[in-house]
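Trainee: One structure, pasted below without further comment.
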Amino acid sequence: MASLDSVSIAILLGAVLVMAGILSSLLALRFGAPLLLVFLLVGMLAGDAGPGHLQFDDVRTTYLVGSVALALILFDGGLKTRFASIRTVLAPSMMLATAGVLLTALITAPVARYVLDLNWTESLLVGAVVASTDAAAVFLLVHTQGLRLRPRVGATLEAESGTNDPFAIFLTLMLVEFISIGQSSASHIALEFIQEAVLGAIIGVIGGRLVVIALNYVALPQGLHAPFVTTAALVIFGGSQMVHASGFLAVYLAGIIIGNRPTRAHNSVVTFLDAATWLAQIVMFVLLGLLVSPHRLLSSAGGAVLVAFALMLVARPLAVLICLAPFKFNWREKVFIAWTGLRGAVAIFLAS
């Protein structure tokens with residue numbers, strides 16, 4: 001009975017936390033606060049340093065939940081992306097998603113080295129972890145905050161945020177491997193990157209096409225189309241990760257393929273994914289908040305804030321200006337893209 005009671009208490013507390021995150025979104029929308037930050041604060045208040053005093057330090061569970069949540073967020077973003085709108089901005093988006101991530105990491109690294117007293121490899125690792133924009137934050141801003149962006153600017157931000165996570169994750173893992181093993185050849189790094197990107201793209205395109213065929217030719221009972229598509233997205237993500245391909249790139253491309261083809265029950269699939277994505281974001285940020293220990297952060301808060309300011313005010317703007325120089329964006333569009341390179345769960349997720 002004691003074990004059953006502990007399970008019941010865990011279910012109750014988890015449901016209460018998620019409900020608190022949902023209800024807090026009403027206050028956030030009313031006062032214009034960033035929604036994802038509110039969910040993070042709910043988790044921090046419920047944690048061991050807040051009034052909730054919940055003891056939670058399971059990084060493995062957080063990593064698993066974060067993986068599923070980010071996969072659903074990227075898939076939902078791809079599902080809502082019209083290929084016609086991103087076709088014209090494919091080149092600048094890919095430039096920001098690859099060279100932009102690398103430049104951001106390289107410009108942030110010297111600041112991290114001297115402020116946090118790290119060696120060069122560790123400083124590059126810090127730069128790589130914080131270099132990618134967060135798909136959850138960017139999609140939330142573009143789709144739900146009522147912004148009237150120029151189509152080219154909005155499409156560039158969406159395509160960049162959907163495709164830069166794989167490169168940031170690859171860069172982070174390569175630096176971790178270098179720190180752990182102590183050596184890594186340029187050819188090995190190039191082969192790893194090609195394998196992740198190419199295999200991820202192939203699996204995403206094939207997986208997306210197979211889901212479209214299944215939706216149109218398999219007579220599923222009413223109401224099962226949306227759960228089928230959602231689980232198919234996770235199958236594509238998990239299968240890609242198993243063969244060391246980029247699951248994040250695969251699931252984003254699969255979403256684009258499915259969203260741009262005529263399929264049965266398209267509206268119900270989009271509505272279901274909206275709800276699933278919201279729930280995934282809330283659960284992920286509440287768990288990340290539970291992991292935070294404010295008293296442990298105080299010792300490095302000053303240096304971390306300086307690195308954050310360098311990232312926002314120097315590294316990101318310079319990377320955007322350099323990457324978009326060959327393209328016909330005016331200075332106001334470049335400044336907006338630079339400032340809207342929002343960071344969110346990806347950096348915390350990579351750190352875990």
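Naming scheme: A, B, ... for chains in displayed order of the structure tokens; residues 1 onward per chain; ligands 1 onward as shown.
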Can you pull out every residue within 12 Å of A:Asp57, counting only C-alpha atoms, but drop anything in the same chain fewer than 6 positions away, and send it as a list in words?
Mentor: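 Residues meeting the cut-off are Gly47, Asp48, Tyr63, Leu287, Leu288, Gly289, Leu290, Leu291, Val292, Ser293 and Ser352 of chain A.
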Trainee: What does the file look like for those residues with C-alpha atoms, as an mmCIF file, in the first residue's frame?
Mentor:
```cif
data_model
loop_
_atom_site.group_PDB
_atom_site.id
_atom_site.type_symbol
_atom_site.label_atom_id
_atom_site.label_comp_id
_atom_site.auth_asym_id
_atom_site.auth_seq_id
_atom_site.Cartn_x
_atom_site.Cartn_y
_atom_site.Cartn_z
ATOM 1 C CA GLY A 47 11.625 22.668 -6.335
ATOM 2 C CA ASP A 48 13.774 22.068 -3.278
ATOM 3 C CA TYR A 63 16.683 14.369 -20.803
ATOM 4 C CA LEU A 287 10.962 19.716 -15.122
ATOM 5 C CA LEU A 288 13.866 21.976 -16.095
ATOM 6 C CA GLY A 289 12.732 24.388 -13.378
ATOM 7 C CA LEU A 290 12.658 21.549 -10.824
ATOM 8 C CA LEU A 291 16.290 20.760 -11.705
ATOM 9 C CA VAL A 292 17.392 24.317 -10.968
ATOM 10 C CA SER A 293 18.989 24.934 -7.576
ATOM 11 C CA SER A 352 21.815 18.074 -19.038
#
```
Trainee: Can you pull out every residue within 9 Å of A:Val270, counting only C-alpha atoms, but drop anything in the same chain fewer than 2 positions away, and send it as a PDB file with N, CA and C atoms, in the first residue's frame?
Mentor:
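In the end it all went to around_9.pdb:
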```pdb
ATOM      1  N   ASP A  76       5.703  19.744 -34.928  1.00  0.00           N
ATOM      2  CA  ASP A  76       4.567  20.662 -35.037  1.00  0.00           C
ATOM      3  C   ASP A  76       4.956  21.913 -35.826  1.00  0.00           C
ATOM      4  N   LEU A  79       5.038  20.935 -39.407  1.00  0.00           N
ATOM      5  CA  LEU A  79       3.680  20.705 -39.895  1.00  0.00           C
ATOM      6  C   LEU A  79       3.002  22.012 -40.308  1.00  0.00           C
ATOM      7  N   LYS A  80       3.333  23.107 -39.615  1.00  0.00           N
ATOM      8  CA  LYS A  80       2.708  24.402 -39.901  1.00  0.00           C
ATOM      9  C   LYS A  80       3.508  25.240 -40.894  1.00  0.00           C
ATOM     10  N   ALA A 226      -4.816  11.552 -35.570  1.00  0.00           N
ATOM     11  CA  ALA A 226      -3.881  12.450 -34.888  1.00  0.00           C
ATOM     12  C   ALA A 226      -2.914  11.689 -33.978  1.00  0.00           C
ATOM     13  N   GLY A 259       2.803  18.218 -43.653  1.00  0.00           N
ATOM     14  CA  GLY A 259       2.006  19.443 -43.637  1.00  0.00           C
ATOM     15  C   GLY A 259       1.756  20.037 -45.003  1.00  0.00           C
ATOM     16  N   ALA A 265      -8.015  14.083 -42.446  1.00  0.00           N
ATOM     17  CA  ALA A 265      -8.079  14.589 -41.064  1.00  0.00           C
ATOM     18  C   ALA A 265      -6.953  15.570 -40.749  1.00  0.00           C
ATOM     19  N   HIS A 266      -6.593  16.389 -41.735  1.00  0.00           N
ATOM     20  CA  HIS A 266      -5.477  17.313 -41.527  1.00  0.00           C
ATOM     21  C   HIS A 266      -5.755  18.278 -40.370  1.00  0.00           C
ATOM     22  N   ASN A 267      -6.971  18.831 -40.330  1.00  0.00           N
ATOM     23  CA  ASN A 267      -7.291  19.813 -39.289  1.00  0.00           C
ATOM     24  C   ASN A 267      -7.262  19.203 -37.893  1.00  0.00           C
ATOM     25  N   SER A 268      -7.768  17.981 -37.755  1.00  0.00           N
ATOM     26  CA  SER A 268      -7.756  17.336 -36.435  1.00  0.00           C
ATOM     27  C   SER A 268      -6.331  17.001 -36.003  1.00  0.00           C
ATOM     28  N   PHE A 272      -4.681  18.505 -32.634  1.00  0.00           N
ATOM     29  CA  PHE A 272      -4.131  17.582 -31.631  1.00  0.00           C
ATOM     30  C   PHE A 272      -2.671  17.900 -31.340  1.00  0.00           C
ATOM     31  N   LEU A 273      -1.896  18.163 -32.405  1.00  0.00           N
ATOM     32  CA  LEU A 273      -0.475  18.484 -32.223  1.00  0.00           C
ATOM     33  C   LEU A 273      -0.290  19.789 -31.475  1.00  0.00           C
ATOM     34  N   ASP A 274      -1.191  20.759 -31.707  1.00  0.00           N
ATOM     35  CA  ASP A 274      -1.137  22.013 -30.938  1.00  0.00           C
ATOM     36  C   ASP A 274      -1.225  21.723 -29.439  1.00  0.00           C
ATOM     37  N   ALA A 275      -2.209  20.903 -29.067  1.00  0.00           N
ATOM     38  CA  ALA A 275      -2.397  20.567 -27.656  1.00  0.00           C
ATOM     39  C   ALA A 275      -1.211  19.766 -27.115  1.00  0.00           C
TER      40      ALA A 275
END
```
Trainee: Within 12 Å of A:Phe83, counting only C-alpha atoms, which residues qualify if same-chain residues fewer than 2 places away don't, as a VMD selection string?
Mentor: chain A and resid 77 to 81 85 to 90 155 to 156 158 to 159 253 255 to 261
Trainee: Create the file for the chosen residues now, containing C-alpha atoms and written as a PDB file, in the first residue's frame.
Mentor:
```
ATOM      1  CA  GLY A  77       6.640  23.555 -36.370  1.00  0.00           C
ATOM      2  CA  GLY A  78       7.355  21.648 -39.579  1.00  0.00           C
ATOM      3  CA  LEU A  79       3.680  20.705 -39.895  1.00  0.00           C
ATOM      4  CA  LYS A  80       2.708  24.402 -39.901  1.00  0.00           C
ATOM      5  CA  THR A  81       5.501  25.512 -42.232  1.00  0.00           C
ATOM      6  CA  SER A  85       7.118  30.318 -47.898  1.00  0.00           C
ATOM      7  CA  ILE A  86      10.506  28.887 -46.856  1.00  0.00           C
ATOM      8  CA  ARG A  87      11.678  28.008 -50.376  1.00  0.00           C
ATOM      9  CA  THR A  88      12.706  31.613 -51.019  1.00  0.00           C
ATOM     10  CA  VAL A  89      14.601  31.877 -47.703  1.00  0.00           C
ATOM     11  CA  LEU A  90      16.222  28.443 -47.744  1.00  0.00           C
ATOM     12  CA  ALA A 155       9.981  32.257 -42.599  1.00  0.00           C
ATOM     13  CA  THR A 156      13.720  32.822 -42.072  1.00  0.00           C
ATOM     14  CA  GLU A 158      11.190  29.584 -38.390  1.00  0.00           C
ATOM     15  CA  ALA A 159      13.406  27.693 -40.818  1.00  0.00           C
ATOM     16  CA  LEU A 253      11.527  17.553 -42.321  1.00  0.00           C
ATOM     17  CA  GLY A 255       6.551  17.535 -40.427  1.00  0.00           C
ATOM     18  CA  ILE A 256       7.134  19.728 -43.497  1.00  0.00           C
ATOM     19  CA  ILE A 257       6.427  16.792 -45.849  1.00  0.00           C
ATOM     20  CA  ILE A 258       3.185  15.854 -44.054  1.00  0.00           C
ATOM     21  CA  GLY A 259       2.006  19.443 -43.637  1.00  0.00           C
ATOM     22  CA  ASN A 260       2.453  20.254 -47.310  1.00  0.00           C
ATOM     23  CA  ARG A 261       0.631  17.199 -48.717  1.00  0.00           C
TER      24      ARG A 261
END
```
Trainee: Go ahead and compute the interatomic distance for atom CA of A:Ile11 and atom CA of A:Ser67, in Å to one decimal.
Mentor: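 According to the coordinates, atom CA of A:Ile11 and atom CA of A:Ser67 are separated by 21.1 Å.
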Trainee: What separation in Å, quoted to one decimal, exists between atom CA of A:Leu173 and atom CA of A:Met312?
Mentor: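 Separation between atom CA of A:Leu173 and atom CA of A:Met312: 23.4 Å.
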Trainee: I want to know what sits within 12 Å of A:Leu210, based on only C-alpha atoms, with residues of the same chain fewer than 3 positions away left out; could you give that as an MDAnalysis selection string?
Mentor: chainID A and resid 203:207 213:218 229 232:233 235:236 254:255 257:258 261 263
Trainee: Save the residues we just selected, N, CA, C and O atoms, as a PDB file, in the first residue's frame?
Mentor:
```
ATOM      1  N   ILE A 203      15.927   9.998 -43.767  1.00  0.00           N
ATOM      2  CA  ILE A 203      14.918   9.354 -42.911  1.00  0.00           C
ATOM      3  C   ILE A 203      13.701  10.255 -42.754  1.00  0.00           C
ATOM      4  O   ILE A 203      12.551   9.785 -42.775  1.00  0.00           O
ATOM      5  N   GLY A 204      13.927  11.573 -42.596  1.00  0.00           N
ATOM      6  CA  GLY A 204      12.811  12.503 -42.439  1.00  0.00           C
ATOM      7  C   GLY A 204      11.913  12.548 -43.660  1.00  0.00           C
ATOM      8  O   GLY A 204      10.678  12.492 -43.543  1.00  0.00           O
ATOM      9  N   VAL A 205      12.515  12.623 -44.854  1.00  0.00           N
ATOM     10  CA  VAL A 205      11.735  12.694 -46.092  1.00  0.00           C
ATOM     11  C   VAL A 205      10.986  11.388 -46.336  1.00  0.00           C
ATOM     12  O   VAL A 205       9.779  11.386 -46.626  1.00  0.00           O
ATOM     13  N   ILE A 206      11.689  10.250 -46.203  1.00  0.00           N
ATOM     14  CA  ILE A 206      11.034   8.951 -46.432  1.00  0.00           C
ATOM     15  C   ILE A 206       9.950   8.708 -45.382  1.00  0.00           C
ATOM     16  O   ILE A 206       8.830   8.268 -45.699  1.00  0.00           O
ATOM     17  N   GLY A 207      10.260   8.998 -44.123  1.00  0.00           N
ATOM     18  CA  GLY A 207       9.281   8.808 -43.061  1.00  0.00           C
ATOM     19  C   GLY A 207       8.049   9.669 -43.256  1.00  0.00           C
ATOM     20  O   GLY A 207       6.915   9.204 -43.076  1.00  0.00           O
ATOM     21  N   ILE A 213       1.213   8.421 -47.024  1.00  0.00           N
ATOM     22  CA  ILE A 213       0.591   7.267 -47.688  1.00  0.00           C
ATOM     23  C   ILE A 213      -0.328   6.521 -46.717  1.00  0.00           C
ATOM     24  O   ILE A 213      -1.459   6.143 -47.056  1.00  0.00           O
ATOM     25  N   ALA A 214       0.167   6.309 -45.488  1.00  0.00           N
ATOM     26  CA  ALA A 214      -0.640   5.595 -44.495  1.00  0.00           C
ATOM     27  C   ALA A 214      -1.925   6.353 -44.165  1.00  0.00           C
ATOM     28  O   ALA A 214      -2.997   5.754 -44.051  1.00  0.00           O
ATOM     29  N   LEU A 215      -1.826   7.669 -44.033  1.00  0.00           N
ATOM     30  CA  LEU A 215      -3.018   8.460 -43.713  1.00  0.00           C
ATOM     31  C   LEU A 215      -4.072   8.378 -44.816  1.00  0.00           C
ATOM     32  O   LEU A 215      -5.276   8.319 -44.540  1.00  0.00           O
ATOM     33  N   ASN A 216      -3.612   8.386 -46.067  1.00  0.00           N
ATOM     34  CA  ASN A 216      -4.542   8.446 -47.195  1.00  0.00           C
ATOM     35  C   ASN A 216      -5.077   7.085 -47.620  1.00  0.00           C
ATOM     36  O   ASN A 216      -6.152   7.012 -48.230  1.00  0.00           O
ATOM     37  N   TYR A 217      -4.351   6.007 -47.310  1.00  0.00           N
ATOM     38  CA  TYR A 217      -4.760   4.700 -47.838  1.00  0.00           C
ATOM     39  C   TYR A 217      -5.144   3.680 -46.774  1.00  0.00           C
ATOM     40  O   TYR A 217      -5.707   2.628 -47.100  1.00  0.00           O
ATOM     41  N   VAL A 218      -4.850   3.960 -45.511  1.00  0.00           N
ATOM     42  CA  VAL A 218      -5.233   3.041 -44.437  1.00  0.00           C
ATOM     43  C   VAL A 218      -6.474   3.598 -43.751  1.00  0.00           C
ATOM     44  O   VAL A 218      -6.476   4.752 -43.317  1.00  0.00           O
ATOM     45  N   VAL A 229      -0.274   9.998 -36.210  1.00  0.00           N
ATOM     46  CA  VAL A 229       0.749  10.911 -36.740  1.00  0.00           C
ATOM     47  C   VAL A 229       1.745  11.291 -35.642  1.00  0.00           C
ATOM     48  O   VAL A 229       2.959  11.350 -35.869  1.00  0.00           O
ATOM     49  N   ALA A 232       3.961   8.375 -34.964  1.00  0.00           N
ATOM     50  CA  ALA A 232       4.834   8.193 -36.135  1.00  0.00           C
ATOM     51  C   ALA A 232       5.998   9.173 -36.082  1.00  0.00           C
ATOM     52  O   ALA A 232       7.141   8.826 -36.432  1.00  0.00           O
ATOM     53  N   ALA A 233       5.734  10.408 -35.637  1.00  0.00           N
ATOM     54  CA  ALA A 233       6.803  11.400 -35.504  1.00  0.00           C
ATOM     55  C   ALA A 233       7.852  10.925 -34.503  1.00  0.00           C
ATOM     56  O   ALA A 233       9.063  11.056 -34.740  1.00  0.00           O
ATOM     57  N   VAL A 235       8.442   7.791 -33.724  1.00  0.00           N
ATOM     58  CA  VAL A 235       9.133   6.643 -34.330  1.00  0.00           C
ATOM     59  C   VAL A 235      10.246   7.140 -35.256  1.00  0.00           C
ATOM     60  O   VAL A 235      11.374   6.612 -35.237  1.00  0.00           O
ATOM     61  N   ILE A 236       9.953   8.154 -36.055  1.00  0.00           N
ATOM     62  CA  ILE A 236      10.963   8.733 -36.955  1.00  0.00           C
ATOM     63  C   ILE A 236      12.121   9.300 -36.139  1.00  0.00           C
ATOM     64  O   ILE A 236      13.302   9.092 -36.461  1.00  0.00           O
ATOM     65  N   ALA A 254      10.085  15.686 -41.689  1.00  0.00           N
ATOM     66  CA  ALA A 254       8.875  14.852 -41.803  1.00  0.00           C
ATOM     67  C   ALA A 254       7.632  15.710 -41.604  1.00  0.00           C
ATOM     68  O   ALA A 254       6.629  15.548 -42.318  1.00  0.00           O
ATOM     69  N   GLY A 255       7.671  16.627 -40.645  1.00  0.00           N
ATOM     70  CA  GLY A 255       6.551  17.535 -40.427  1.00  0.00           C
ATOM     71  C   GLY A 255       6.257  18.395 -41.640  1.00  0.00           C
ATOM     72  O   GLY A 255       5.091  18.604 -42.011  1.00  0.00           O
ATOM     73  N   ILE A 257       6.976  17.665 -44.797  1.00  0.00           N
ATOM     74  CA  ILE A 257       6.427  16.792 -45.849  1.00  0.00           C
ATOM     75  C   ILE A 257       4.944  16.534 -45.605  1.00  0.00           C
ATOM     76  O   ILE A 257       4.102  16.671 -46.505  1.00  0.00           O
ATOM     77  N   ILE A 258       4.584  16.176 -44.371  1.00  0.00           N
ATOM     78  CA  ILE A 258       3.185  15.854 -44.054  1.00  0.00           C
ATOM     79  C   ILE A 258       2.298  17.091 -44.136  1.00  0.00           C
ATOM     80  O   ILE A 258       1.178  17.046 -44.643  1.00  0.00           O
ATOM     81  N   ARG A 261       1.328  18.157 -47.843  1.00  0.00           N
ATOM     82  CA  ARG A 261       0.631  17.199 -48.717  1.00  0.00           C
ATOM     83  C   ARG A 261      -0.824  17.087 -48.280  1.00  0.00           C
ATOM     84  O   ARG A 261      -1.112  17.154 -47.077  1.00  0.00           O
ATOM     85  N   THR A 263      -3.857  15.378 -46.930  1.00  0.00           N
ATOM     86  CA  THR A 263      -4.049  14.150 -46.149  1.00  0.00           C
ATOM     87  C   THR A 263      -5.427  14.165 -45.482  1.00  0.00           C
ATOM     88  O   THR A 263      -6.041  15.218 -45.325  1.00  0.00           O
TER      89      THR A 263
END
```
Trainee: With distances taken over only C-alpha atoms, which of A:Thr62, A:Ala137, A:Trp339, A:Val42 is nearest to A:Leu23?
Mentor: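 Result for the nearest residue to A:Leu23: A:Val42.
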Trainee: Pull the closest atom pair for each residue of stretch 166-255 of chain A that gets at most 7 Å from stretch 123-135 of chain A, along with the distance in Å to one decimal, counting only C-alpha atoms, ordering rows by chain and then ascending residue number, as CSV.
Mentor:
```
residue,atom,partner,partner_atom,distance
A:Ala168,CA,A:Ser132,CA,5.9
A:Leu171,CA,A:Ala128,CA,6.3
A:Thr172,CA,A:Ala128,CA,5.6
A:Leu175,CA,A:Leu125,CA,6.1
```
Trainee: Which is closest to A:Phe349 among A:Leu324, A:Leu279, A:Ala112, A:Leu64, if we use only C-alpha atoms?
Mentor: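 Of all the options, A:Leu64 lies closest to A:Phe349.
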Trainee: For atom CA of A:Gly238 and atom CA of A:Gly100, determine how far apart the two atoms are, in Å to one decimal place.
Mentor: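 Computing it gives 27.1 Å between the two atoms.
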